[in-house]
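K.L.:
Just one file: target_19.pdb, with PDB, C-alpha atoms, pLDDT in the B column.
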```
ATOM      1  CA  MET D   2       0.000   0.000   0.000  1.00 84.00           C
ATOM      2  CA  TYR D   3       1.222   3.505  -0.798  1.00 96.00           C
ATOM      3  CA  LYS D   4       1.765   5.676   2.261  1.00 97.00           C
ATOM      4  CA  ALA D   5       1.078   8.919   0.408  1.00 98.00           C
ATOM      5  CA  VAL D   6      -0.873   9.845  -2.715  1.00 98.00           C
ATOM      6  CA  ILE D   7      -0.144  13.196  -4.377  1.00 98.00           C
ATOM      7  CA  PHE D   8      -2.402  14.696  -7.012  1.00 98.00           C
ATOM      8  CA  ASP D   9      -2.369  17.170  -9.836  1.00 97.00           C
ATOM      9  CA  PHE D  10      -5.422  19.435  -9.566  1.00 97.00           C
ATOM     10  CA  ASP D  11      -6.988  20.423 -12.895  1.00 96.00           C
ATOM     11  CA  TYR D  12      -8.919  17.528 -14.470  1.00 96.00           C
ATOM     12  CA  THR D  13      -7.635  15.271 -11.688  1.00 98.00           C
ATOM     13  CA  LEU D  14      -9.354  16.496  -8.512  1.00 98.00           C
ATOM     14  CA  GLY D  15     -11.525  19.186 -10.036  1.00 97.00           C
ATOM     15  CA  ASP D  16     -12.558  21.219 -13.051  1.00 96.00           C
ATOM     16  CA  SER D  17     -11.568  24.883 -13.419  1.00 95.00           C
ATOM     17  CA  THR D  18     -12.362  25.122 -17.130  1.00 96.00           C
ATOM     18  CA  ASN D  19     -14.748  28.081 -16.854  1.00 96.00           C
ATOM     19  CA  GLY D  20     -12.350  30.117 -14.730  1.00 96.00           C
ATOM     20  CA  ILE D  21      -9.390  29.286 -16.950  1.00 96.00           C
ATOM     21  CA  VAL D  22     -11.246  30.218 -20.133  1.00 97.00           C
ATOM     22  CA  LEU D  23     -12.321  33.543 -18.645  1.00 98.00           C
ATOM     23  CA  SER D  24      -8.784  34.285 -17.453  1.00 97.00           C
ATOM     24  CA  VAL D  25      -7.044  33.233 -20.687  1.00 98.00           C
ATOM     25  CA  ASN D  26      -9.352  35.241 -22.915  1.00 98.00           C
ATOM     26  CA  TYR D  27      -9.136  38.278 -20.642  1.00 98.00           C
ATOM     27  CA  ALA D  28      -5.330  38.191 -20.854  1.00 98.00           C
ATOM     28  CA  LEU D  29      -5.359  37.643 -24.624  1.00 98.00           C
ATOM     29  CA  GLY D  30      -7.823  40.495 -25.112  1.00 98.00           C
ATOM     30  CA  GLU D  31      -5.727  42.886 -23.047  1.00 98.00           C
ATOM     31  CA  MET D  32      -2.799  42.007 -25.341  1.00 98.00           C
ATOM     32  CA  TYR D  33      -4.909  42.482 -28.516  1.00 97.00           C
ATOM     33  CA  TYR D  34      -5.089  38.818 -29.433  1.00 98.00           C
ATOM     34  CA  MET D  35      -8.301  37.150 -30.545  1.00 97.00           C
ATOM     35  CA  GLU D  36     -10.171  35.054 -28.005  1.00 97.00           C
ATOM     36  CA  LYS D  37      -9.715  31.294 -28.146  1.00 98.00           C
ATOM     37  CA  SER D  38     -12.414  28.629 -28.010  1.00 97.00           C
ATOM     38  CA  VAL D  39     -13.072  26.460 -24.979  1.00 96.00           C
ATOM     39  CA  SER D  40     -11.712  23.408 -26.802  1.00 95.00           C
ATOM     40  CA  GLU D  41      -8.483  25.214 -27.740  1.00 96.00           C
ATOM     41  CA  ILE D  42      -7.935  26.343 -24.162  1.00 96.00           C
ATOM     42  CA  ARG D  43      -8.841  22.973 -22.623  1.00 94.00           C
ATOM     43  CA  ARG D  44      -5.944  21.377 -24.483  1.00 91.00           C
ATOM     44  CA  MET D  45      -3.568  23.781 -22.723  1.00 92.00           C
ATOM     45  CA  ILE D  46      -4.717  23.013 -19.184  1.00 88.00           C
ATOM     46  CA  GLY D  47      -1.824  21.565 -17.226  1.00 80.00           C
ATOM     47  CA  LEU D  48       0.820  23.616 -19.022  1.00 86.00           C
ATOM     48  CA  SER D  49       2.493  26.579 -17.367  1.00 88.00           C
ATOM     49  CA  LEU D  50       0.950  29.969 -18.117  1.00 93.00           C
ATOM     50  CA  LYS D  51       3.921  30.969 -20.245  1.00 94.00           C
ATOM     51  CA  ASP D  52       3.729  27.761 -22.265  1.00 94.00           C
ATOM     52  CA  THR D  53      -0.025  28.238 -22.634  1.00 96.00           C
ATOM     53  CA  PHE D  54       0.595  31.684 -24.115  1.00 98.00           C
ATOM     54  CA  ARG D  55       3.236  30.361 -26.503  1.00 97.00           C
ATOM     55  CA  GLU D  56       1.046  27.488 -27.673  1.00 97.00           C
ATOM     56  CA  LEU D  57      -2.040  29.666 -28.188  1.00 98.00           C
ATOM     57  CA  THR D  58      -0.334  32.566 -29.922  1.00 97.00           C
ATOM     58  CA  GLY D  59       2.896  31.245 -31.426  1.00 97.00           C
ATOM     59  CA  CYS D  60       4.684  34.190 -29.821  1.00 98.00           C
ATOM     60  CA  LEU D  61       8.002  33.232 -28.235  1.00 97.00           C
ATOM     61  CA  ASP D  62       8.779  36.598 -26.654  1.00 97.00           C
ATOM     62  CA  GLU D  63       9.545  36.066 -22.960  1.00 97.00           C
ATOM     63  CA  SER D  64       8.307  39.478 -21.831  1.00 98.00           C
ATOM     64  CA  ALA D  65       5.001  38.931 -23.626  1.00 98.00           C
ATOM     65  CA  ALA D  66       4.596  35.541 -21.943  1.00 97.00           C
ATOM     66  CA  GLU D  67       5.286  37.146 -18.571  1.00 97.00           C
ATOM     67  CA  ARG D  68       2.680  39.846 -19.230  1.00 98.00           C
ATOM     68  CA  PHE D  69       0.139  37.199 -20.228  1.00 98.00           C
ATOM     69  CA  ALA D  70       0.802  35.306 -16.971  1.00 96.00           C
ATOM     70  CA  LYS D  71       0.379  38.499 -14.930  1.00 97.00           C
ATOM     71  CA  LEU D  72      -2.903  39.393 -16.645  1.00 98.00           C
ATOM     72  CA  PHE D  73      -4.174  35.830 -16.299  1.00 97.00           C
ATOM     73  CA  ARG D  74      -3.521  35.883 -12.559  1.00 95.00           C
ATOM     74  CA  GLU D  75      -5.259  39.237 -12.167  1.00 96.00           C
ATOM     75  CA  LYS D  76      -8.457  37.853 -13.687  1.00 97.00           C
ATOM     76  CA  ALA D  77      -8.092  34.476 -11.983  1.00 96.00           C
ATOM     77  CA  ASP D  78      -8.018  36.207  -8.599  1.00 95.00           C
ATOM     78  CA  GLU D  79     -11.517  37.469  -9.415  1.00 97.00           C
ATOM     79  CA  VAL D  80     -13.131  34.440 -11.035  1.00 97.00           C
ATOM     80  CA  MET D  81     -11.243  31.187 -10.488  1.00 96.00           C
ATOM     81  CA  THR D  82     -12.549  30.015  -7.115  1.00 96.00           C
ATOM     82  CA  ASP D  83     -16.181  30.679  -8.002  1.00 97.00           C
ATOM     83  CA  ASN D  84     -15.740  28.893 -11.328  1.00 97.00           C
ATOM     84  CA  THR D  85     -14.069  25.739 -10.001  1.00 97.00           C
ATOM     85  CA  VAL D  86     -15.752  22.525  -8.885  1.00 97.00           C
ATOM     86  CA  LEU D  87     -14.392  19.391  -7.270  1.00 97.00           C
ATOM     87  CA  TYR D  88     -15.304  16.086  -8.876  1.00 97.00           C
ATOM     88  CA  ASP D  89     -18.037  14.131  -7.112  1.00 94.00           C
ATOM     89  CA  ALA D  90     -15.628  11.421  -5.930  1.00 96.00           C
ATOM     90  CA  THR D  91     -12.881  13.760  -4.698  1.00 98.00           C
ATOM     91  CA  GLN D  92     -13.915  14.360  -1.105  1.00 98.00           C
ATOM     92  CA  ASP D  93     -15.067  10.787  -0.477  1.00 97.00           C
ATOM     93  CA  MET D  94     -11.745   9.473  -1.802  1.00 98.00           C
ATOM     94  CA  LEU D  95      -9.656  11.921   0.236  1.00 98.00           C
ATOM     95  CA  SER D  96     -11.702  11.174   3.355  1.00 98.00           C
ATOM     96  CA  GLU D  97     -11.143   7.435   2.917  1.00 97.00           C
ATOM     97  CA  PHE D  98      -7.418   7.966   2.508  1.00 98.00           C
ATOM     98  CA  LYS D  99      -7.338  10.030   5.702  1.00 97.00           C
ATOM     99  CA  ARG D 100      -9.321   7.337   7.541  1.00 97.00           C
ATOM    100  CA  ARG D 101      -6.725   4.774   6.482  1.00 97.00           C
ATOM    101  CA  GLY D 102      -3.759   6.978   7.432  1.00 97.00           C
ATOM    102  CA  ILE D 103      -2.665   7.588   3.842  1.00 98.00           C
ATOM    103  CA  GLU D 104      -1.256  11.096   3.463  1.00 98.00           C
ATOM    104  CA  THR D 105      -2.315  13.288   0.548  1.00 98.00           C
ATOM    105  CA  GLY D 106      -0.912  16.232  -1.360  1.00 98.00           C
ATOM    106  CA  ILE D 107      -1.417  18.445  -4.386  1.00 98.00           C
ATOM    107  CA  VAL D 108       1.334  19.476  -6.821  1.00 98.00           C
ATOM    108  CA  THR D 109       0.031  21.850  -9.474  1.00 95.00           C
ATOM    109  CA  THR D 110       0.870  24.815 -11.653  1.00 91.00           C
ATOM    110  CA  LYS D 111      -2.024  26.619  -9.946  1.00 92.00           C
ATOM    111  CA  PHE D 112      -0.940  28.983  -7.212  1.00 92.00           C
ATOM    112  CA  HIS D 113      -0.819  27.638  -3.667  1.00 95.00           C
ATOM    113  CA  TYR D 114      -3.211  30.263  -2.319  1.00 95.00           C
ATOM    114  CA  ARG D 115      -5.736  29.475  -5.035  1.00 95.00           C
ATOM    115  CA  ILE D 116      -5.779  25.787  -4.194  1.00 97.00           C
ATOM    116  CA  GLU D 117      -6.296  26.714  -0.528  1.00 97.00           C
ATOM    117  CA  ALA D 118      -9.239  28.943  -1.469  1.00 96.00           C
ATOM    118  CA  ILE D 119     -10.844  26.214  -3.579  1.00 97.00           C
ATOM    119  CA  LEU D 120     -10.450  23.627  -0.826  1.00 97.00           C
ATOM    120  CA  ARG D 121     -11.956  26.037   1.723  1.00 97.00           C
ATOM    121  CA  LYS D 122     -14.909  26.631  -0.576  1.00 97.00           C
ATOM    122  CA  PHE D 123     -15.761  22.933  -0.377  1.00 97.00           C
ATOM    123  CA  GLY D 124     -14.734  22.411   3.252  1.00 96.00           C
ATOM    124  CA  ALA D 125     -11.947  20.092   2.136  1.00 97.00           C
ATOM    125  CA  GLU D 126      -8.877  21.924   3.439  1.00 96.00           C
ATOM    126  CA  ASP D 127      -8.309  19.351   6.216  1.00 97.00           C
ATOM    127  CA  LEU D 128      -8.181  16.503   3.692  1.00 98.00           C
ATOM    128  CA  ILE D 129      -4.871  17.593   2.123  1.00 98.00           C
ATOM    129  CA  ASP D 130      -1.564  17.364   3.986  1.00 98.00           C
ATOM    130  CA  VAL D 131       0.709  19.311   1.623  1.00 98.00           C
ATOM    131  CA  ILE D 132       0.248  21.732  -1.279  1.00 98.00           C
ATOM    132  CA  VAL D 133       2.979  22.747  -3.711  1.00 98.00           C
ATOM    133  CA  GLY D 134       1.794  25.439  -6.095  1.00 95.00           C
ATOM    134  CA  GLY D 135       3.292  27.409  -8.930  1.00 91.00           C
ATOM    135  CA  GLU D 136       4.772  30.064  -6.638  1.00 93.00           C
ATOM    136  CA  ASP D 137       6.468  27.438  -4.451  1.00 96.00           C
ATOM    137  CA  VAL D 138       8.942  26.295  -7.104  1.00 96.00           C
ATOM    138  CA  THR D 139      11.516  27.788  -9.436  1.00 95.00           C
ATOM    139  CA  CYS D 140      10.774  25.282 -12.228  1.00 94.00           C
ATOM    140  CA  GLU D 141       7.249  24.176 -13.091  1.00 90.00           C
ATOM    141  CA  LYS D 142       6.137  20.722 -14.188  1.00 93.00           C
ATOM    142  CA  PRO D 143       7.319  18.566 -15.890  1.00 93.00           C
ATOM    143  CA  ASP D 144      10.383  19.497 -13.857  1.00 96.00           C
ATOM    144  CA  PRO D 145      10.207  17.233 -10.767  1.00 97.00           C
ATOM    145  CA  GLU D 146      11.020  20.001  -8.271  1.00 98.00           C
ATOM    146  CA  GLY D 147       7.473  20.410  -6.974  1.00 97.00           C
ATOM    147  CA  LEU D 148       6.754  16.711  -6.638  1.00 98.00           C
ATOM    148  CA  LEU D 149      10.071  16.063  -4.894  1.00 98.00           C
ATOM    149  CA  LYS D 150       9.382  18.968  -2.555  1.00 98.00           C
ATOM    150  CA  ALA D 151       6.016  17.463  -1.609  1.00 98.00           C
ATOM    151  CA  VAL D 152       7.575  14.036  -1.021  1.00 98.00           C
ATOM    152  CA  GLU D 153      10.266  15.600   1.176  1.00 98.00           C
ATOM    153  CA  THR D 154       7.715  17.654   3.128  1.00 98.00           C
ATOM    154  CA  LEU D 155       5.730  14.503   3.878  1.00 98.00           C
ATOM    155  CA  GLY D 156       8.938  12.751   4.944  1.00 97.00           C
ATOM    156  CA  ARG D 157       8.272   9.771   2.686  1.00 97.00           C
ATOM    157  CA  ASP D 158      10.510   7.595   0.557  1.00 97.00           C
ATOM    158  CA  LYS D 159       9.752   7.925  -3.145  1.00 97.00           C
ATOM    159  CA  GLN D 160       8.808   4.259  -3.481  1.00 96.00           C
ATOM    160  CA  ASP D 161       5.996   4.811  -0.967  1.00 97.00           C
ATOM    161  CA  VAL D 162       4.408   7.642  -2.981  1.00 98.00           C
ATOM    162  CA  LEU D 163       1.977   7.629  -5.905  1.00 98.00           C
ATOM    163  CA  TYR D 164       1.455  10.683  -8.124  1.00 98.00           C
ATOM    164  CA  VAL D 165      -1.931  10.941  -9.852  1.00 98.00           C
ATOM    165  CA  GLY D 166      -2.549  13.135 -12.881  1.00 97.00           C
ATOM    166  CA  ASP D 167      -4.446  13.470 -16.123  1.00 96.00           C
ATOM    167  CA  SER D 168      -1.796  14.628 -18.607  1.00 94.00           C
ATOM    168  CA  LEU D 169       1.506  13.703 -20.208  1.00 94.00           C
ATOM    169  CA  VAL D 170       3.032  16.613 -18.274  1.00 94.00           C
ATOM    170  CA  ASP D 171       2.054  14.797 -15.074  1.00 96.00           C
ATOM    171  CA  ALA D 172       3.427  11.506 -16.387  1.00 96.00           C
ATOM    172  CA  LYS D 173       6.740  13.175 -17.273  1.00 96.00           C
ATOM    173  CA  THR D 174       6.870  14.805 -13.846  1.00 96.00           C
ATOM    174  CA  ALA D 175       6.472  11.485 -12.045  1.00 97.00           C
ATOM    175  CA  GLN D 176       9.004   9.797 -14.322  1.00 96.00           C
ATOM    176  CA  SER D 177      11.578  12.537 -13.721  1.00 96.00           C
ATOM    177  CA  ALA D 178      11.002  12.344  -9.954  1.00 97.00           C
ATOM    178  CA  GLY D 179      11.287   8.553  -9.832  1.00 96.00           C
ATOM    179  CA  VAL D 180       7.776   8.263  -8.398  1.00 97.00           C
ATOM    180  CA  ASP D 181       5.056   5.828  -9.480  1.00 97.00           C
ATOM    181  CA  PHE D 182       2.386   7.424 -11.667  1.00 97.00           C
ATOM    182  CA  ALA D 183      -1.334   6.728 -11.996  1.00 97.00           C
ATOM    183  CA  ALA D 184      -3.319   8.282 -14.815  1.00 97.00           C
ATOM    184  CA  VAL D 185      -6.952   9.326 -14.734  1.00 97.00           C
ATOM    185  CA  LEU D 186      -8.849   9.762 -17.991  1.00 97.00           C
ATOM    186  CA  THR D 187     -10.881  12.762 -16.830  1.00 96.00           C
ATOM    187  CA  GLY D 188      -8.722  15.196 -18.820  1.00 93.00           C
ATOM    188  CA  THR D 189      -8.045  15.521 -22.529  1.00 91.00           C
ATOM    189  CA  THR D 190      -5.241  12.909 -22.661  1.00 92.00           C
ATOM    190  CA  LYS D 191      -6.248   9.305 -23.268  1.00 93.00           C
ATOM    191  CA  ASP D 192      -2.974   7.680 -24.368  1.00 94.00           C
ATOM    192  CA  PHE D 193      -0.262   7.153 -21.754  1.00 94.00           C
ATOM    193  CA  SER D 194       1.396   4.235 -23.522  1.00 91.00           C
ATOM    194  CA  ASP D 195       4.816   5.915 -23.662  1.00 89.00           C
ATOM    195  CA  TYR D 196       5.025   6.071 -19.864  1.00 88.00           C
ATOM    196  CA  TYR D 197       5.123   3.529 -17.075  1.00 84.00           C
ATOM    197  CA  ASN D 198       1.888   3.687 -15.123  1.00 85.00           C
ATOM    198  CA  ALA D 199       0.955   2.000 -11.898  1.00 88.00           C
ATOM    199  CA  VAL D 200      -2.614   2.099 -13.206  1.00 93.00           C
ATOM    200  CA  ILE D 201      -4.811   3.901 -15.693  1.00 96.00           C
ATOM    201  CA  ALA D 202      -8.229   4.652 -14.206  1.00 96.00           C
ATOM    202  CA  ASP D 203     -11.360   6.158 -15.681  1.00 96.00           C
ATOM    203  CA  ASP D 204     -11.758   8.409 -12.654  1.00 96.00           C
ATOM    204  CA  LEU D 205     -10.889   8.864  -8.985  1.00 97.00           C
ATOM    205  CA  HIS D 206     -13.008   5.912  -7.919  1.00 96.00           C
ATOM    206  CA  GLY D 207     -10.565   3.715  -9.805  1.00 97.00           C
ATOM    207  CA  ILE D 208      -7.654   5.348  -7.985  1.00 97.00           C
ATOM    208  CA  LEU D 209      -9.348   4.729  -4.626  1.00 97.00           C
ATOM    209  CA  CYS D 210      -9.891   1.062  -5.481  1.00 96.00           C
ATOM    210  CA  PHE D 211      -6.298   0.659  -6.710  1.00 96.00           C
ATOM    211  CA  VAL D 212      -4.674   2.233  -3.660  1.00 96.00           C
ATOM    212  CA  THR D 213      -6.895   0.621  -1.027  1.00 95.00           C
ATOM    213  CA  LYS D 214      -7.493  -2.676  -2.880  1.00 89.00           C
ATOM    214  CA  ILE D 215     -11.226  -2.425  -2.191  1.00 70.00           C
TER     215      ILE D 215
END
```
Could the structure of this file be written out as structure tokens, please?
P.N.:
Amino acid sequence: MYKAVIFDFDYTLGDSTNGIVLSVNYALGEMYYMEKSVSEIRRMIGLSLKDTFRELTGCLDESAAERFAKLFREKADEVMTDNTVLYDATQDMLSEFKRRGIETGIVTTKFHYRIEAILRKFGAEDLIDVIVGGEDVTCEKPDPEGLLKAVETLGRDKQDVLYVGDSLVDAKTAQSAGVDFAAVLTGTTKDFSDYYNAVIADDLHGILCFVTKI
């Protein structure tokens, strides 16, 4: 049995699509770019803000990417928490892990304070033992810094930790950290065949069953 399970957030524990779309299109509009569709933006979720800007616009200018990230965060501070939901299985799964003494964490490109606000909104802040957000690291995923920081904070050996995510960025992060990876198919990525996976689950219920063997 794993002693700790660490999660990505977007499309793994919850859905922030509406807030992300509002924030991306606000930032693009302020920079005189055309708005993007929901489907175009959904494919970017999980990337860093700078990489999202580069992928959506084709612009490689670092200062422009930094401005996009700043504008995104300004709008996200207004709309993200209200426009984020947790998946139906999230709190039941986290509660069962806590009951069994399995520690939990979140490693995400979202800012630490935003994750805290979302968890408070749903009364779930006591179900997570460690959060590593975008402002807590110098290198964002797929660099393993954040995941390794969470493992160290929990005081666990890497072989006792499972990282759960929905994207190839998450799979690369786990691989680089030397941590087992479990994929959920609740995001836009369906093919993880190039990466070692402890399990591929349709949703969080499958992760709960895999970890607890129920």
K.L.:
List every protein, DNA or RNA residue with an atom no more than 12 Å from (10.2, 13.4, -4.1) in the file's coordinates, counting all atoms listed in the file, and format the result as an NGL selection string.
P.N.:
:D and (5-7 or 106 or 108 or 133 or 144-164 or 174-181)
K.L.:
Take the PyMOL selection byres ((chain D and resi 50-66) around 9), apply it to the structure above, and return the hits as a count of residues only.
P.N.:
19
K.L.:
List as a compact mmCIF listing (two decimals) with C-alpha atoms, in the frame of the given file the residues having at least one atom at most 10 Å from position (-13.3, 21.6, -14.4) as given in the file, counting all atoms listed in the file.
P.N.:
```txt
# COMPACT_ATOMS: atom_id res chain seq x y z
CA PHE D 10 -5.42 19.43 -9.57
CA ASP D 11 -6.99 20.42 -12.90
CA TYR D 12 -8.92 17.53 -14.47
CA THR D 13 -7.64 15.27 -11.69
CA LEU D 14 -9.35 16.50 -8.51
CA GLY D 15 -11.52 19.19 -10.04
CA ASP D 16 -12.56 21.22 -13.05
CA SER D 17 -11.57 24.88 -13.42
CA THR D 18 -12.36 25.12 -17.13
CA ASN D 19 -14.75 28.08 -16.85
CA GLY D 20 -12.35 30.12 -14.73
CA ILE D 21 -9.39 29.29 -16.95
CA ARG D 43 -8.84 22.97 -22.62
CA ILE D 46 -4.72 23.01 -19.18
CA ASN D 84 -15.74 28.89 -11.33
CA THR D 85 -14.07 25.74 -10.00
CA VAL D 86 -15.75 22.52 -8.88
CA LEU D 87 -14.39 19.39 -7.27
CA TYR D 88 -15.30 16.09 -8.88
CA THR D 187 -10.88 12.76 -16.83
CA GLY D 188 -8.72 15.20 -18.82
```
K.L.:
List, as a list in words, every residue that the PyMOL selection byres ((chain D and resi 115) around 10) selects in the file provided.
P.N.:
Ala77, Asp78, Met81, Thr82, Lys111, Phe112, His113, Tyr114, Ile116, Glu117, Ala118, Ile119, Leu120, Arg121 and Gly134 of chain D
K.L.:
Which residue is closest to Met2 (chain D)? Choose from D:Ile215, D:Ala202, D:Gly207, D:Gly30 and count all atoms listed in the file.
P.N.:
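The closest residue to Met2 (chain D) is D:Ile215.
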K.L.:
Expressed in Å to a single decimal, how great is the separation between CA of Lys99 (chain D) and CA of Lys4 (chain D)?
P.N.:
10.7 Å
K.L.:
CA of Thr189 (chain D) and CA of Asp89 (chain D), how far apart in Å?
P.N.:
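Those two atoms sit 18.4 Å apart.
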K.L.:
Give me the residues within 10 Å of Tyr197 (chain D) as number ranges by chain, counting only C-alpha atoms and dropping any in the same chain fewer than 3 places off.
P.N.:
D: 172-173, 175-176, 181-184, 193-194, 200
K.L.:
Have a look at CA of Leu169 (chain D) and CA of Glu79 (chain D) and let me know their distance in Å, one decimal.
P.N.:
29.2 Å
K.L.:
Between D:Glu126, D:Ile103, D:Phe8, D:Thr109, which residue has the minimum interatomic distance to Cys140 (chain D), considering all atoms listed in the file?
P.N.:
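Once distances to Cys140 (chain D) are computed over all atoms listed in the file, the minimum belongs to D:Thr109.
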